[in-house]
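**Student:** My questions all concern the structure below.
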Amino acid sequence: MEPFVASTRPGLRFRLFGVPVAIHPSLPFVLALLGLSTGSVARIAIWVALGTLAVLIHELGHAGAAIALGGRPRVVLAGLGGYTEPRIDRQLSRSRAIGLAFAGPAVGLVVGGIVAVVTVLAGRPEAASLTEYTVIVALWVNIGWSAINLLPVLPLDGGHILTELLPGEPQVRQQRAYRVSTAVAAAAAIALFRYGLVFGGLMFGLLAMMSFRAVGADRVARRQSRSAADLAEVVDRIDAGEDVEDDLRNLVRDPHVGATSRTLLVEHLAQAGRFDEARRLSSDLGSGQPPTLAFLVDVLASDGRDGVAALLESFRRSPS
């Protein structure tokens, strides 16, 4: 459940504990780029191997939780992380959704804890040796990455957990989670940049931008939904024979349903015998005017006498 997962068509495919796994070449490639600063081919190889293994262990944690919940999971490793598709055929309760999200980081923390205990029991490796480097990397990719993944930032696991913990209906919780995610990711990006961790700052900056855009998109979608509901109510009142001119004129100014409302207003005015007003409003639509709208006004204005001519004109303007 990490961000930035690329296409996974090419790459290594196998089953592990019955779970289909796909590893796209982009994951080891990105890890190798991140490991260039380690200074040697051996250290880069260790970093790539342990990083890939840590991501796989993390996703298998999610997969195990999905199986326990009756799912048929599959795992994808690509880009800067991985993704587990749970394929659970039922809606999960909040507590189970939290368990599914927490399972990946939890397994990583356990594995990192085992590495720490073994290191303490076996004694500290020789300073600056490959063994010491291997231990440091193993601790970081399991404990460090798991801790980062638990931050309340979407689409990290901590962001999904936050979404389930917040009050409200699912859509409201999602909106609130994206607001928290924007603030936390932005703060993390600033802190990382200040400490010279450019890559981490860029990553959390991108996450902050993604969350901020999601907040805006959700706000627009809710406004569109409210506008559509208002228009549907007015249409019901038109069917009931009510005078809805004032309501339609208000809706004409709504950017989401304005064009439809103006068309209905033209029809409403024509039905009321106010043909000059209907024609003026119809002409204001310009190229956006439906051809049949002018036909409707002309038919009503002439009591049907000009219907044939107006209909032919409509077909001429728009044969389809």
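A note on labels: chains of the structure tokens are A, B, ... as shown, every chain counts residues from 1, and ligands are counted from 1 in their shown order.
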Which residues come within 7 Å of Glu85 (chain A), counting only C-alpha atoms, excluding same-chain residues fewer than 6 positions away, as a PyMOL selection string?
**Tutor:** chain A and resi 73-75
**Student:** Name all residues at most 12 Å from Pro105 (chain A) (count only C-alpha atoms; drop same-chain ones fewer than 6 positions away) and give them as a VMD selection string.
**Tutor:** chain A and resid 1 to 2 54 to 62 65 98 to 99 111 to 112 141 to 151 156 to 158 161
**Student:** Please provide the set of residues having any atom within 12 Å of Gly216 (chain A), restricted to only C-alpha atoms, with same-chain residues fewer than 6 positions apart removed, written as a PDB file with N, CA, C and O atoms, in the first residue's frame.
**Tutor:**
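This went into result_34.pdb:
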```
ATOM      1  N   GLN A 175     -12.390  13.005   3.031  1.00  0.00           N
ATOM      2  CA  GLN A 175     -12.064  14.421   2.867  1.00  0.00           C
ATOM      3  C   GLN A 175     -11.229  14.924   4.041  1.00  0.00           C
ATOM      4  O   GLN A 175     -10.244  15.647   3.860  1.00  0.00           O
ATOM      5  N   ARG A 176     -11.629  14.569   5.249  1.00  0.00           N
ATOM      6  CA  ARG A 176     -10.877  14.998   6.442  1.00  0.00           C
ATOM      7  C   ARG A 176      -9.475  14.397   6.441  1.00  0.00           C
ATOM      8  O   ARG A 176      -8.500  15.073   6.830  1.00  0.00           O
ATOM      9  N   TYR A 178      -7.657  13.598   3.866  1.00  0.00           N
ATOM     10  CA  TYR A 178      -6.824  14.285   2.878  1.00  0.00           C
ATOM     11  C   TYR A 178      -6.363  15.640   3.402  1.00  0.00           C
ATOM     12  O   TYR A 178      -5.244  16.082   3.098  1.00  0.00           O
ATOM     13  N   ARG A 179      -7.178  16.312   4.204  1.00  0.00           N
ATOM     14  CA  ARG A 179      -6.748  17.586   4.792  1.00  0.00           C
ATOM     15  C   ARG A 179      -5.601  17.375   5.772  1.00  0.00           C
ATOM     16  O   ARG A 179      -4.605  18.112   5.756  1.00  0.00           O
ATOM     17  N   THR A 182      -2.462  16.473   3.832  1.00  0.00           N
ATOM     18  CA  THR A 182      -1.810  17.635   3.212  1.00  0.00           C
ATOM     19  C   THR A 182      -0.905  18.341   4.210  1.00  0.00           C
ATOM     20  O   THR A 182       0.257  18.665   3.911  1.00  0.00           O
ATOM     21  N   MET A 209       1.102  17.600  -2.340  1.00  0.00           N
ATOM     22  CA  MET A 209       0.418  18.148  -3.503  1.00  0.00           C
ATOM     23  C   MET A 209      -0.730  17.236  -3.937  1.00  0.00           C
ATOM     24  O   MET A 209      -1.827  17.705  -4.269  1.00  0.00           O
ATOM     25  N   MET A 210      -0.485  15.928  -3.921  1.00  0.00           N
ATOM     26  CA  MET A 210      -1.532  14.978  -4.305  1.00  0.00           C
ATOM     27  C   MET A 210      -2.723  15.074  -3.355  1.00  0.00           C
ATOM     28  O   MET A 210      -3.891  15.063  -3.791  1.00  0.00           O
ATOM     29  N   ARG A 222     -18.545  17.506  -4.678  1.00  0.00           N
ATOM     30  CA  ARG A 222     -19.693  17.713  -3.782  1.00  0.00           C
ATOM     31  C   ARG A 222     -20.554  18.870  -4.268  1.00  0.00           C
ATOM     32  O   ARG A 222     -21.784  18.810  -4.179  1.00  0.00           O
ATOM     33  N   ARG A 223     -19.918  19.942  -4.779  1.00  0.00           N
ATOM     34  CA  ARG A 223     -20.704  21.055  -5.323  1.00  0.00           C
ATOM     35  C   ARG A 223     -21.504  20.614  -6.535  1.00  0.00           C
ATOM     36  O   ARG A 223     -22.667  20.995  -6.692  1.00  0.00           O
TER      37      ARG A 223
END
```
**Student:** Quick one: pull the distance between CA of Ala278 (chain A) and CA of Thr263 (chain A), Å, one decimal.
**Tutor:**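 Computing the Euclidean distance for CA of Ala278 (chain A) and CA of Thr263 (chain A) yields 9.5 Å.
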**Student:** Have a look at CA of Val30 (chain A) and CA of Gly205 (chain A) and let me know their distance in Å, one decimal.
**Tutor:**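 Distance between the two atoms: 18.3 Å.
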**Student:** Mind listing the helix (DSSP H, G or I) residues of region 186-265 of chain A, per DSSP on the backbone, as a count of residues only?
**Tutor:** 67
**Student:** Counting only C-alpha atoms, which residues of region 135-252 of chain A fall within 12 Å of region 36-50 of chain A, and what is the closest atom pair for each with its distance in Å at one decimal, ordered by chain and rising number, as CSV?
**Tutor:**
```
residue,atom,partner,partner_atom,distance
A:Val135,CA,A:Leu50,CA,9.9
A:Ile136,CA,A:Trp47,CA,9.9
A:Val137,CA,A:Trp47,CA,6.6
A:Ala138,CA,A:Leu50,CA,6.3
A:Leu139,CA,A:Leu50,CA,9.8
A:Trp140,CA,A:Leu50,CA,9.8
A:Val141,CA,A:Leu50,CA,7.3
A:Asn142,CA,A:Leu50,CA,9.1
```
